[in-house]
Structures are given as structure tokens and as C-alpha cells.
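Note: the block below is run_3.txt and it holds compact mmCIF, N, CA and C atoms.
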# COMPACT_ATOMS: atom_id res chain seq x y z
N MET A 1 14.51 -39.93 -3.73
CA MET A 1 14.74 -39.16 -2.52
C MET A 1 15.62 -37.94 -2.80
N ILE A 2 16.71 -38.17 -3.55
CA ILE A 2 17.61 -37.06 -3.88
C ILE A 2 16.87 -36.02 -4.72
N ARG A 3 16.06 -36.47 -5.69
CA ARG A 3 15.31 -35.54 -6.52
C ARG A 3 14.34 -34.72 -5.68
N THR A 4 13.70 -35.33 -4.69
CA THR A 4 12.78 -34.63 -3.80
C THR A 4 13.52 -33.55 -3.02
N LEU A 5 14.71 -33.86 -2.51
CA LEU A 5 15.50 -32.88 -1.77
C LEU A 5 15.94 -31.73 -2.66
N ILE A 6 16.35 -32.05 -3.89
CA ILE A 6 16.77 -31.00 -4.82
C ILE A 6 15.58 -30.10 -5.15
N ALA A 7 14.42 -30.70 -5.40
CA ALA A 7 13.22 -29.91 -5.69
C ALA A 7 12.84 -29.02 -4.51
N ALA A 8 12.92 -29.56 -3.30
CA ALA A 8 12.60 -28.78 -2.10
C ALA A 8 13.58 -27.63 -1.92
N ALA A 9 14.86 -27.88 -2.17
CA ALA A 9 15.86 -26.82 -2.06
C ALA A 9 15.62 -25.73 -3.10
N ALA A 10 15.25 -26.12 -4.31
CA ALA A 10 14.97 -25.13 -5.36
C ALA A 10 13.76 -24.28 -5.00
N LEU A 11 12.72 -24.89 -4.46
CA LEU A 11 11.54 -24.13 -4.05
C LEU A 11 11.86 -23.18 -2.90
N ALA A 12 12.68 -23.62 -1.96
CA ALA A 12 13.04 -22.77 -0.83
C ALA A 12 13.84 -21.56 -1.28
N ALA A 13 14.61 -21.71 -2.34
CA ALA A 13 15.44 -20.60 -2.84
C ALA A 13 14.67 -19.67 -3.76
N ALA A 14 13.49 -20.06 -4.22
CA ALA A 14 12.72 -19.25 -5.16
C ALA A 14 12.22 -17.99 -4.48
N PRO A 15 12.19 -16.85 -5.20
CA PRO A 15 11.68 -15.61 -4.59
C PRO A 15 10.19 -15.70 -4.31
N LEU A 16 9.78 -15.10 -3.21
CA LEU A 16 8.37 -15.07 -2.84
C LEU A 16 7.76 -13.77 -3.30
N GLY A 17 6.46 -13.66 -3.23
CA GLY A 17 5.75 -12.46 -3.61
C GLY A 17 6.10 -11.28 -2.72
N ALA A 18 5.57 -10.13 -3.06
CA ALA A 18 5.93 -8.88 -2.40
C ALA A 18 5.26 -8.67 -1.06
N LEU A 19 4.24 -9.43 -0.74
CA LEU A 19 3.46 -9.15 0.46
C LEU A 19 4.32 -9.01 1.70
N ALA A 20 4.13 -7.93 2.41
CA ALA A 20 4.74 -7.63 3.70
C ALA A 20 6.24 -7.44 3.64
N ASP A 21 6.86 -7.56 2.46
CA ASP A 21 8.29 -7.25 2.42
C ASP A 21 8.54 -5.98 1.61
N GLU A 22 7.47 -5.31 1.21
CA GLU A 22 7.61 -4.01 0.57
C GLU A 22 7.19 -2.95 1.59
N VAL A 23 8.13 -2.08 1.89
CA VAL A 23 7.90 -1.05 2.90
C VAL A 23 8.43 0.28 2.36
N TRP A 24 7.66 1.33 2.57
CA TRP A 24 8.07 2.67 2.21
C TRP A 24 7.95 3.55 3.45
N THR A 25 8.67 4.66 3.45
CA THR A 25 8.56 5.60 4.56
C THR A 25 7.86 6.88 4.09
N LEU A 26 6.99 7.39 4.96
CA LEU A 26 6.31 8.66 4.73
C LEU A 26 7.23 9.80 5.16
N PRO A 27 6.97 11.03 4.73
CA PRO A 27 7.77 12.17 5.20
C PRO A 27 7.79 12.29 6.72
N SER A 28 6.74 11.82 7.40
CA SER A 28 6.67 11.88 8.86
C SER A 28 7.60 10.87 9.53
N GLY A 29 8.09 9.90 8.76
CA GLY A 29 8.89 8.81 9.32
C GLY A 29 8.09 7.54 9.52
N ASN A 30 6.76 7.65 9.54
CA ASN A 30 5.92 6.45 9.63
C ASN A 30 6.08 5.63 8.36
N GLN A 31 5.73 4.37 8.45
CA GLN A 31 5.92 3.48 7.31
C GLN A 31 4.61 3.04 6.67
N VAL A 32 4.67 2.80 5.37
CA VAL A 32 3.57 2.21 4.61
C VAL A 32 4.03 0.80 4.25
N VAL A 33 3.20 -0.20 4.54
CA VAL A 33 3.56 -1.60 4.33
C VAL A 33 2.55 -2.25 3.40
N TYR A 34 3.04 -3.00 2.42
CA TYR A 34 2.18 -3.80 1.55
C TYR A 34 1.71 -4.97 2.39
N LEU A 35 0.43 -4.99 2.79
CA LEU A 35 -0.08 -5.98 3.73
C LEU A 35 -0.61 -7.25 3.07
N SER A 36 -1.46 -7.08 2.05
CA SER A 36 -2.13 -8.25 1.48
C SER A 36 -2.78 -7.91 0.16
N ASP A 37 -3.31 -8.95 -0.47
CA ASP A 37 -4.13 -8.80 -1.67
C ASP A 37 -5.53 -9.28 -1.35
N GLU A 38 -6.53 -8.51 -1.75
CA GLU A 38 -7.94 -8.89 -1.61
C GLU A 38 -8.50 -8.92 -3.03
N GLY A 39 -8.55 -10.09 -3.64
CA GLY A 39 -8.94 -10.17 -5.04
C GLY A 39 -7.89 -9.47 -5.88
N ASP A 40 -8.30 -8.50 -6.71
CA ASP A 40 -7.33 -7.77 -7.53
C ASP A 40 -6.85 -6.49 -6.85
N THR A 41 -7.23 -6.29 -5.59
CA THR A 41 -6.90 -5.07 -4.85
C THR A 41 -5.75 -5.29 -3.87
N ALA A 42 -4.69 -4.47 -3.99
CA ALA A 42 -3.59 -4.50 -3.03
C ALA A 42 -4.00 -3.67 -1.82
N VAL A 43 -3.65 -4.15 -0.63
CA VAL A 43 -3.96 -3.46 0.62
C VAL A 43 -2.65 -3.03 1.27
N LEU A 44 -2.47 -1.71 1.40
CA LEU A 44 -1.31 -1.15 2.08
C LEU A 44 -1.77 -0.59 3.41
N GLY A 45 -0.94 -0.67 4.43
CA GLY A 45 -1.29 -0.17 5.75
C GLY A 45 -0.29 0.86 6.24
N TYR A 46 -0.78 1.81 7.03
CA TYR A 46 0.09 2.84 7.62
C TYR A 46 -0.58 3.41 8.86
N THR A 47 0.22 4.11 9.67
CA THR A 47 -0.31 4.84 10.81
C THR A 47 -0.22 6.32 10.47
N PRO A 48 -1.34 7.06 10.48
CA PRO A 48 -1.27 8.48 10.15
C PRO A 48 -0.50 9.26 11.21
N VAL A 49 -0.06 10.46 10.83
CA VAL A 49 0.76 11.29 11.72
C VAL A 49 0.09 11.50 13.07
N LEU A 50 -1.19 11.78 13.08
CA LEU A 50 -1.90 12.07 14.33
C LEU A 50 -2.62 10.84 14.89
N GLY A 51 -2.25 9.67 14.46
CA GLY A 51 -3.01 8.50 14.86
C GLY A 51 -2.18 7.40 15.48
N VAL A 52 -2.89 6.44 16.03
CA VAL A 52 -2.26 5.24 16.58
C VAL A 52 -2.87 3.98 15.98
N GLU A 53 -4.00 4.14 15.31
CA GLU A 53 -4.67 2.99 14.69
C GLU A 53 -4.23 2.83 13.24
N GLN A 54 -4.34 1.61 12.76
CA GLN A 54 -3.98 1.30 11.38
C GLN A 54 -4.93 2.00 10.41
N SER A 55 -4.36 2.55 9.36
CA SER A 55 -5.10 3.13 8.26
C SER A 55 -4.70 2.36 7.01
N TYR A 56 -5.47 2.52 5.92
CA TYR A 56 -5.24 1.67 4.76
C TYR A 56 -5.33 2.44 3.46
N ILE A 57 -4.63 1.92 2.45
CA ILE A 57 -4.75 2.36 1.07
C ILE A 57 -5.14 1.12 0.27
N PHE A 58 -6.25 1.21 -0.45
CA PHE A 58 -6.73 0.11 -1.28
C PHE A 58 -6.48 0.48 -2.74
N ILE A 59 -5.75 -0.40 -3.47
CA ILE A 59 -5.36 -0.09 -4.84
C ILE A 59 -5.85 -1.20 -5.78
N PRO A 60 -7.03 -1.02 -6.38
CA PRO A 60 -7.52 -2.01 -7.35
C PRO A 60 -6.57 -2.14 -8.54
N GLY A 61 -6.38 -3.38 -9.00
CA GLY A 61 -5.53 -3.64 -10.15
C GLY A 61 -4.07 -3.86 -9.84
N LEU A 62 -3.64 -3.61 -8.62
CA LEU A 62 -2.22 -3.77 -8.26
C LEU A 62 -1.90 -5.16 -7.72
N ALA A 63 -2.87 -5.84 -7.14
CA ALA A 63 -2.61 -7.13 -6.49
C ALA A 63 -1.89 -8.09 -7.45
N GLY A 64 -0.82 -8.71 -6.97
CA GLY A 64 -0.08 -9.69 -7.74
C GLY A 64 0.85 -9.10 -8.78
N ASN A 65 0.86 -7.80 -8.96
CA ASN A 65 1.73 -7.16 -9.93
C ASN A 65 2.96 -6.62 -9.20
N TYR A 66 4.07 -7.32 -9.33
CA TYR A 66 5.28 -6.94 -8.60
C TYR A 66 6.37 -6.41 -9.51
N ASP A 67 6.19 -6.49 -10.84
CA ASP A 67 7.30 -6.09 -11.71
C ASP A 67 6.87 -5.32 -12.96
N ASN A 68 5.63 -4.83 -13.02
CA ASN A 68 5.17 -4.04 -14.15
C ASN A 68 4.19 -2.97 -13.67
N ARG A 69 4.63 -2.19 -12.72
CA ARG A 69 3.76 -1.21 -12.08
C ARG A 69 3.78 0.12 -12.80
N GLY A 70 2.73 0.89 -12.60
CA GLY A 70 2.62 2.20 -13.23
C GLY A 70 1.82 3.14 -12.37
N ILE A 71 0.70 3.62 -12.90
CA ILE A 71 -0.16 4.58 -12.19
C ILE A 71 -1.51 3.92 -11.93
N TYR A 72 -2.00 4.08 -10.70
CA TYR A 72 -3.26 3.46 -10.27
C TYR A 72 -4.11 4.49 -9.56
N THR A 73 -5.42 4.25 -9.53
CA THR A 73 -6.34 5.06 -8.73
C THR A 73 -6.99 4.14 -7.70
N GLY A 74 -7.00 4.57 -6.47
CA GLY A 74 -7.59 3.80 -5.39
C GLY A 74 -8.21 4.73 -4.37
N TYR A 75 -8.25 4.28 -3.13
CA TYR A 75 -8.74 5.14 -2.07
C TYR A 75 -8.05 4.80 -0.76
N TRP A 76 -8.03 5.80 0.14
CA TRP A 76 -7.43 5.65 1.46
C TRP A 76 -8.54 5.78 2.50
N VAL A 77 -8.30 5.20 3.68
CA VAL A 77 -9.23 5.32 4.81
C VAL A 77 -8.43 5.54 6.08
N GLU A 78 -8.98 6.35 6.98
CA GLU A 78 -8.34 6.64 8.27
C GLU A 78 -9.40 6.74 9.36
N PRO A 79 -9.00 6.56 10.63
CA PRO A 79 -9.95 6.74 11.74
C PRO A 79 -10.48 8.18 11.75
N THR A 80 -11.69 8.37 12.25
CA THR A 80 -12.32 9.69 12.22
C THR A 80 -11.62 10.71 13.11
N TYR A 81 -10.90 10.30 14.15
CA TYR A 81 -10.27 11.28 15.03
C TYR A 81 -9.07 11.98 14.38
N VAL A 82 -8.62 11.48 13.22
CA VAL A 82 -7.47 12.07 12.55
C VAL A 82 -7.84 13.36 11.82
N GLY A 83 -9.09 13.49 11.38
CA GLY A 83 -9.51 14.68 10.64
C GLY A 83 -10.99 14.65 10.33
N LYS A 84 -11.37 15.49 9.36
CA LYS A 84 -12.80 15.63 9.04
C LYS A 84 -13.37 14.34 8.46
N THR A 85 -14.66 14.15 8.70
CA THR A 85 -15.35 12.99 8.14
C THR A 85 -16.02 13.38 6.83
N CYS A 86 -16.36 12.39 6.06
CA CYS A 86 -17.00 12.59 4.76
C CYS A 86 -18.52 12.52 4.90
N PRO A 87 -19.25 13.07 3.92
CA PRO A 87 -20.71 13.03 3.99
C PRO A 87 -21.30 11.64 3.72
N ALA A 88 -20.46 10.72 3.26
CA ALA A 88 -20.91 9.35 2.99
C ALA A 88 -19.90 8.37 3.58
N THR A 89 -20.38 7.24 4.00
CA THR A 89 -19.52 6.17 4.52
C THR A 89 -19.22 5.21 3.39
N ILE A 90 -17.97 4.72 3.33
CA ILE A 90 -17.64 3.69 2.34
C ILE A 90 -17.33 2.39 3.09
N ILE A 91 -17.49 1.30 2.39
CA ILE A 91 -17.22 -0.01 2.95
C ILE A 91 -15.96 -0.56 2.28
N ALA A 92 -14.95 -0.88 3.07
CA ALA A 92 -13.69 -1.43 2.55
C ALA A 92 -13.90 -2.88 2.11
N PRO A 93 -12.98 -3.43 1.32
CA PRO A 93 -13.11 -4.83 0.86
C PRO A 93 -13.28 -5.84 1.99
N ASN A 94 -12.79 -5.51 3.18
CA ASN A 94 -12.92 -6.43 4.31
C ASN A 94 -14.24 -6.23 5.07
N GLY A 95 -15.14 -5.35 4.54
CA GLY A 95 -16.45 -5.15 5.14
C GLY A 95 -16.53 -4.08 6.21
N VAL A 96 -15.43 -3.42 6.53
CA VAL A 96 -15.40 -2.40 7.58
C VAL A 96 -15.85 -1.05 7.00
N PRO A 97 -16.80 -0.38 7.67
CA PRO A 97 -17.22 0.95 7.21
C PRO A 97 -16.24 2.04 7.68
N TRP A 98 -16.01 3.04 6.83
CA TRP A 98 -15.12 4.15 7.14
C TRP A 98 -15.81 5.46 6.82
N GLU A 99 -15.69 6.45 7.72
CA GLU A 99 -16.29 7.77 7.53
C GLU A 99 -15.26 8.81 7.11
N ARG A 100 -13.97 8.48 7.23
CA ARG A 100 -12.89 9.38 6.78
C ARG A 100 -12.13 8.65 5.68
N TRP A 101 -12.20 9.21 4.46
CA TRP A 101 -11.60 8.54 3.32
C TRP A 101 -11.41 9.52 2.18
N GLY A 102 -10.78 9.06 1.12
CA GLY A 102 -10.61 9.89 -0.07
C GLY A 102 -9.99 9.10 -1.20
N ILE A 103 -9.96 9.74 -2.35
CA ILE A 103 -9.38 9.14 -3.56
C ILE A 103 -7.87 9.34 -3.53
N VAL A 104 -7.14 8.34 -4.03
CA VAL A 104 -5.69 8.45 -4.11
C VAL A 104 -5.21 8.00 -5.48
N GLU A 105 -4.29 8.76 -6.04
CA GLU A 105 -3.58 8.35 -7.25
C GLU A 105 -2.21 7.87 -6.80
N VAL A 106 -1.82 6.70 -7.27
CA VAL A 106 -0.56 6.08 -6.86
C VAL A 106 0.32 5.93 -8.09
N LYS A 107 1.50 6.57 -8.06
CA LYS A 107 2.42 6.49 -9.20
C LYS A 107 3.73 5.86 -8.73
N PHE A 108 4.04 4.69 -9.28
CA PHE A 108 5.32 4.04 -9.01
C PHE A 108 6.36 4.62 -9.97
N HIS A 109 7.52 5.01 -9.46
CA HIS A 109 8.56 5.63 -10.28
C HIS A 109 9.33 4.59 -11.09
N LYS A 110 9.31 3.32 -10.65
CA LYS A 110 9.93 2.22 -11.38
C LYS A 110 8.91 1.09 -11.48
N LYS A 111 9.15 0.15 -12.37
CA LYS A 111 8.22 -0.96 -12.60
C LYS A 111 8.15 -1.93 -11.43
N GLY A 112 9.22 -2.07 -10.64
CA GLY A 112 9.24 -3.01 -9.52
C GLY A 112 9.87 -2.40 -8.29
N PHE A 113 9.82 -3.13 -7.19
CA PHE A 113 10.41 -2.67 -5.93
C PHE A 113 11.91 -2.94 -5.96
N PRO A 114 12.76 -2.07 -5.44
CA PRO A 114 12.42 -0.83 -4.73
C PRO A 114 12.14 0.32 -5.69
N SER A 115 11.13 1.06 -5.37
CA SER A 115 10.74 2.20 -6.18
C SER A 115 10.15 3.27 -5.28
N LYS A 116 10.48 4.52 -5.56
CA LYS A 116 9.76 5.60 -4.90
C LYS A 116 8.33 5.58 -5.42
N VAL A 117 7.43 6.10 -4.62
CA VAL A 117 6.02 6.16 -4.98
C VAL A 117 5.51 7.55 -4.66
N THR A 118 4.80 8.16 -5.60
CA THR A 118 4.15 9.43 -5.34
C THR A 118 2.66 9.18 -5.18
N LEU A 119 2.13 9.61 -4.03
CA LEU A 119 0.70 9.55 -3.77
C LEU A 119 0.13 10.96 -3.97
N LYS A 120 -1.00 11.06 -4.63
CA LYS A 120 -1.78 12.30 -4.65
C LYS A 120 -3.10 11.92 -4.03
N ARG A 121 -3.46 12.61 -2.95
CA ARG A 121 -4.70 12.23 -2.28
C ARG A 121 -5.61 13.43 -2.08
N GLY A 122 -6.90 13.12 -2.09
CA GLY A 122 -7.92 14.12 -1.84
C GLY A 122 -8.85 13.63 -0.75
N ASP A 123 -9.54 14.55 -0.11
CA ASP A 123 -10.49 14.19 0.94
C ASP A 123 -11.86 13.92 0.33
N CYS A 124 -12.49 12.85 0.79
CA CYS A 124 -13.84 12.48 0.37
C CYS A 124 -13.94 12.41 -1.15
N PHE A 125 -14.84 13.18 -1.75
CA PHE A 125 -15.05 13.14 -3.19
C PHE A 125 -14.14 14.10 -3.95
N ALA A 126 -13.32 14.89 -3.24
CA ALA A 126 -12.46 15.89 -3.89
C ALA A 126 -11.37 15.22 -4.71
N ALA A 127 -10.99 15.87 -5.80
CA ALA A 127 -9.91 15.37 -6.65
C ALA A 127 -8.60 15.34 -5.84
N PRO A 128 -7.76 14.36 -6.08
CA PRO A 128 -6.48 14.29 -5.38
C PRO A 128 -5.59 15.49 -5.70
N LYS A 129 -5.08 16.14 -4.66
CA LYS A 129 -4.20 17.31 -4.83
C LYS A 129 -2.95 17.20 -3.96
N GLU A 130 -3.11 16.73 -2.72
CA GLU A 130 -1.99 16.67 -1.78
C GLU A 130 -0.99 15.60 -2.24
N LYS A 131 0.27 16.02 -2.50
CA LYS A 131 1.31 15.08 -2.94
C LYS A 131 2.12 14.60 -1.76
N ILE A 132 2.37 13.30 -1.74
CA ILE A 132 3.18 12.68 -0.70
C ILE A 132 4.17 11.74 -1.37
N LEU A 133 5.45 11.92 -1.10
CA LEU A 133 6.48 11.05 -1.67
C LEU A 133 6.84 9.96 -0.67
N LEU A 134 6.72 8.71 -1.10
CA LEU A 134 7.12 7.56 -0.29
C LEU A 134 8.48 7.08 -0.79
N LYS A 135 9.38 6.81 0.14
CA LYS A 135 10.70 6.29 -0.21
C LYS A 135 10.80 4.84 0.24
N PRO A 136 11.34 3.96 -0.62
CA PRO A 136 11.42 2.55 -0.26
C PRO A 136 12.42 2.31 0.87
N VAL A 137 12.09 1.36 1.73
CA VAL A 137 12.99 0.92 2.79
C VAL A 137 13.60 -0.40 2.32
N VAL A 138 14.91 -0.44 2.22
CA VAL A 138 15.60 -1.61 1.72
C VAL A 138 16.70 -1.98 2.70
N GLY A 139 16.75 -3.24 3.12
CA GLY A 139 17.80 -3.67 4.05
C GLY A 139 17.74 -2.89 5.33
N ALA A 140 18.79 -2.16 5.63
CA ALA A 140 18.87 -1.45 6.89
C ALA A 140 18.45 0.00 6.80
N GLY A 141 17.93 0.42 5.66
CA GLY A 141 17.55 1.83 5.57
C GLY A 141 16.87 2.19 4.28
N LEU A 142 16.81 3.51 4.04
CA LEU A 142 16.13 4.03 2.87
C LEU A 142 16.99 3.91 1.63
N GLN A 143 16.35 3.86 0.49
CA GLN A 143 17.08 3.86 -0.76
C GLN A 143 16.75 5.13 -1.51
Whole structure, C-alpha cells version:
Amino acid sequence: MIRTLIAAAALAAAPLGALADEVWTLPSGNQVVYLSDEGDTAVLGYTPVLGVEQSYIFIPGLAGNYDNRGIYTGYWVEPTYVGKTCPATIIAPNGVPWERWGIVEVKFHKKGFPSKVTLKRGDCFAAPKEKILLKPVVGAGLQ
């Protein structure tokens, strides 16, 4: 019985994965949140500046990697009312079709959280050009 309690206490004290406890802020003040893993793809969520609906960044190869991060290529999706639509629709890992999307390069400044992140994003098939700096939110504020 004592061994079971000690084991339970040790498990309760063990650190959990990064899901939903990694948050960054956009220059607009909106937040980007690490939502989930879909296979080997990390799913981040945010609300765009001109939007009220959830938008997403899908990053293949990042899922489950919390302490050896680097540079990744993925894609972002947003509701069509936020801006121009693309000539092709893509299907997200969850099966939802999106008409507004683009390629994103994701660069973590440190191997683990908290880390600043630089996003370079492009519209549709265009190469990523627009740079966006994300700052980690830690405790009661930014780091």
C-alpha cells in the first residue's frame, strides 16, 4: 500500500507534455496555443487579427518534440473572411477543407519552451516572406 502511494505521488509530480501549456503572443496581442498532436503533426491554434474564429498552424515533425526543436515547414489556415482565398482547397489533418491557407516556416530560437518563435508565412503557394515574432507567455506574462 505504501509503495502504491509513493508511486502515485511520483507520477503526479512528473512533468506532463507540452500540450495546451505552451502559449505565445502575436504582435497583435492575440495568442498562439499548442493545442494537440495529430500523428507526427503539432496543431497550434490562434485567432487572426481580423477574425473571431479559430485558425490553425499545422507543423509536421514537431509533435512530441518538447526539448530538441529547430526549424520546421508547415502550413497555416484561416477563415475566408480574413483575406484572399487560394486557387486550391487543402484538407487539414482533421478532415476540414480550407480555402485560405499558406506555407509557414517555423523557427524556434531555443530547443525547448519557453522560446521565442519566428514564423515566416506566405499566401497559398507563395514562398514564405512575412515575418512574425511570437513571444512565449510564462506565468503571469511575457518572457
Inset, instruction - Go through A:Ile132, A:Trp98, A:Val104, A:Tyr81 one by one, measure the shortest atom-to-atom distance of each to Phe58 (chain A) using all atoms listed in the file, and give the residue with the smallest value. - result: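 The answer is A:Val104, which sits nearest to Phe58 (chain A).
Among the candidate residues A:Cys124, A:Ala63, A:Val106, A:Val49, the one lying nearest to Cys86 (chain A) is A:Cys124, with distances computed using only N, CA and C atoms.
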Inset, instruction - Could you jot down the atom C of Glu78 (chain A) to CA of Asn65 (chain A) separation for me, Å, one decimal place? - result: 26.3 Å
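Pairwise distance (CA of Gly74 (chain A), CA of Gly102 (chain A)) equals 8.6 Å.
Every residue within 8 Å of the file position (-13.1, 15.1, 7.8), judged by all atoms listed in the file, is given as Thr80, Val82, Gly83, Lys84, Thr85, Cys86, Pro87, Glu99, Arg100, Trp101, Asp123 and Cys124 of chain A.
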Legend entry - Counting only N, CA and C atoms, the option among A:Ile59, A:Asp67, A:Val32, A:Thr73 closest to Lys110 (chain A): A:Asp67
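Between Gly64 (chain A) and the residues A:Thr47, A:Ser36, A:Thr25, A:Thr89, the shortest atom-to-atom distance, using only C-alpha atoms, involves A:Ser36.
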Inset, instruction - Just the residues within 7 Å of Val117 (chain A), please, counting all atoms listed in the file, with nothing from its chain fewer than 4 positions along; format it as a ChimeraX atom specification. - result: /A:106-110,132-136
Inset, instruction - Dump as a ChimeraX atom specification all residues having an atom at most 8 Å from (1.1, 15.7, -5.8), computed in the file's coordinates with only N, CA and C atoms. - result: /A:118-121,128-133
Next, the residues of the selection above should be written as a PDB file, in the frame of the given file with N, CA and C atoms.
ATOM      1  N   THR A 118       4.800   8.160  -5.600  1.00  0.00           N
ATOM      2  CA  THR A 118       4.150   9.430  -5.340  1.00  0.00           C
ATOM      3  C   THR A 118       2.660   9.180  -5.180  1.00  0.00           C
ATOM      4  N   LEU A 119       2.130   9.610  -4.030  1.00  0.00           N
ATOM      5  CA  LEU A 119       0.700   9.550  -3.770  1.00  0.00           C
ATOM      6  C   LEU A 119       0.130  10.960  -3.970  1.00  0.00           C
ATOM      7  N   LYS A 120      -1.000  11.060  -4.630  1.00  0.00           N
ATOM      8  CA  LYS A 120      -1.780  12.300  -4.650  1.00  0.00           C
ATOM      9  C   LYS A 120      -3.100  11.920  -4.030  1.00  0.00           C
ATOM     10  N   ARG A 121      -3.460  12.610  -2.950  1.00  0.00           N
ATOM     11  CA  ARG A 121      -4.700  12.230  -2.280  1.00  0.00           C
ATOM     12  C   ARG A 121      -5.610  13.430  -2.080  1.00  0.00           C
ATOM     13  N   PRO A 128      -7.760  14.360  -6.080  1.00  0.00           N
ATOM     14  CA  PRO A 128      -6.480  14.290  -5.380  1.00  0.00           C
ATOM     15  C   PRO A 128      -5.590  15.490  -5.700  1.00  0.00           C
ATOM     16  N   LYS A 129      -5.080  16.140  -4.660  1.00  0.00           N
ATOM     17  CA  LYS A 129      -4.200  17.310  -4.830  1.00  0.00           C
ATOM     18  C   LYS A 129      -2.950  17.200  -3.960  1.00  0.00           C
ATOM     19  N   GLU A 130      -3.110  16.730  -2.720  1.00  0.00           N
ATOM     20  CA  GLU A 130      -1.990  16.670  -1.780  1.00  0.00           C
ATOM     21  C   GLU A 130      -0.990  15.600  -2.240  1.00  0.00           C
ATOM     22  N   LYS A 131       0.270  16.020  -2.500  1.00  0.00           N
ATOM     23  CA  LYS A 131       1.310  15.080  -2.940  1.00  0.00           C
ATOM     24  C   LYS A 131       2.120  14.600  -1.760  1.00  0.00           C
ATOM     25  N   ILE A 132       2.370  13.300  -1.740  1.00  0.00           N
ATOM     26  CA  ILE A 132       3.180  12.680  -0.700  1.00  0.00           C
ATOM     27  C   ILE A 132       4.170  11.740  -1.370  1.00  0.00           C
ATOM     28  N   LEU A 133       5.450  11.920  -1.100  1.00  0.00           N
ATOM     29  CA  LEU A 133       6.480  11.050  -1.670  1.00  0.00           C
ATOM     30  C   LEU A 133       6.840   9.960  -0.670  1.00  0.00           C
TER      31      LEU A 133
END
Inset, instruction - Just give me the gap between CA of Gln31 (chain A) and CA of Pro60 (chain A) in Å, one decimal is fine. - result: 20.6 Å
Inset, instruction - Please return as JSON, numbers by chain: the residues of chain A that backbone DSSP assigns to helix (DSSP H, G or I). - result: {"A": [2, 3, 4, 5, 6, 7, 8, 9, 10, 11, 12, 13, 80, 81, 82]}
Inset, instruction - Write out as a PyMOL selection string all residues of region 11-100 of chain A that DSSP puts in strand (DSSP E) for this structure's backbone. - result: chain A and resi 23-25+31-38+41-46+55-60+71-78+90-91+97-98+100
Could you give me the centre and size, in Å to one decimal, of an axis-aligned box around all listed atoms of region 40-53 of chain A with 8 Å added on every side, as AutoDock Vina command-line options?
--center_x -3.8 --center_y 1.8 --center_z 4.5 --size_x 25.1 --size_y 36.6 --size_z 40.1
Legend entry - Pick from A:Pro97, A:Val138, A:Trp76, A:Tyr34, whichever lies nearest to Gly122 (chain A) using all atoms listed in the file: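 Using all atoms listed in the file, Gly122 (chain A) sits closest to A:Trp76.
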Inset, instruction - Select, from A:Ala88, A:Pro93, A:Tyr66, A:Glu105, the residue with the minimum atom-to-atom distance to Glu38 (chain A), counting only N, CA and C atoms. - result: A:Pro93
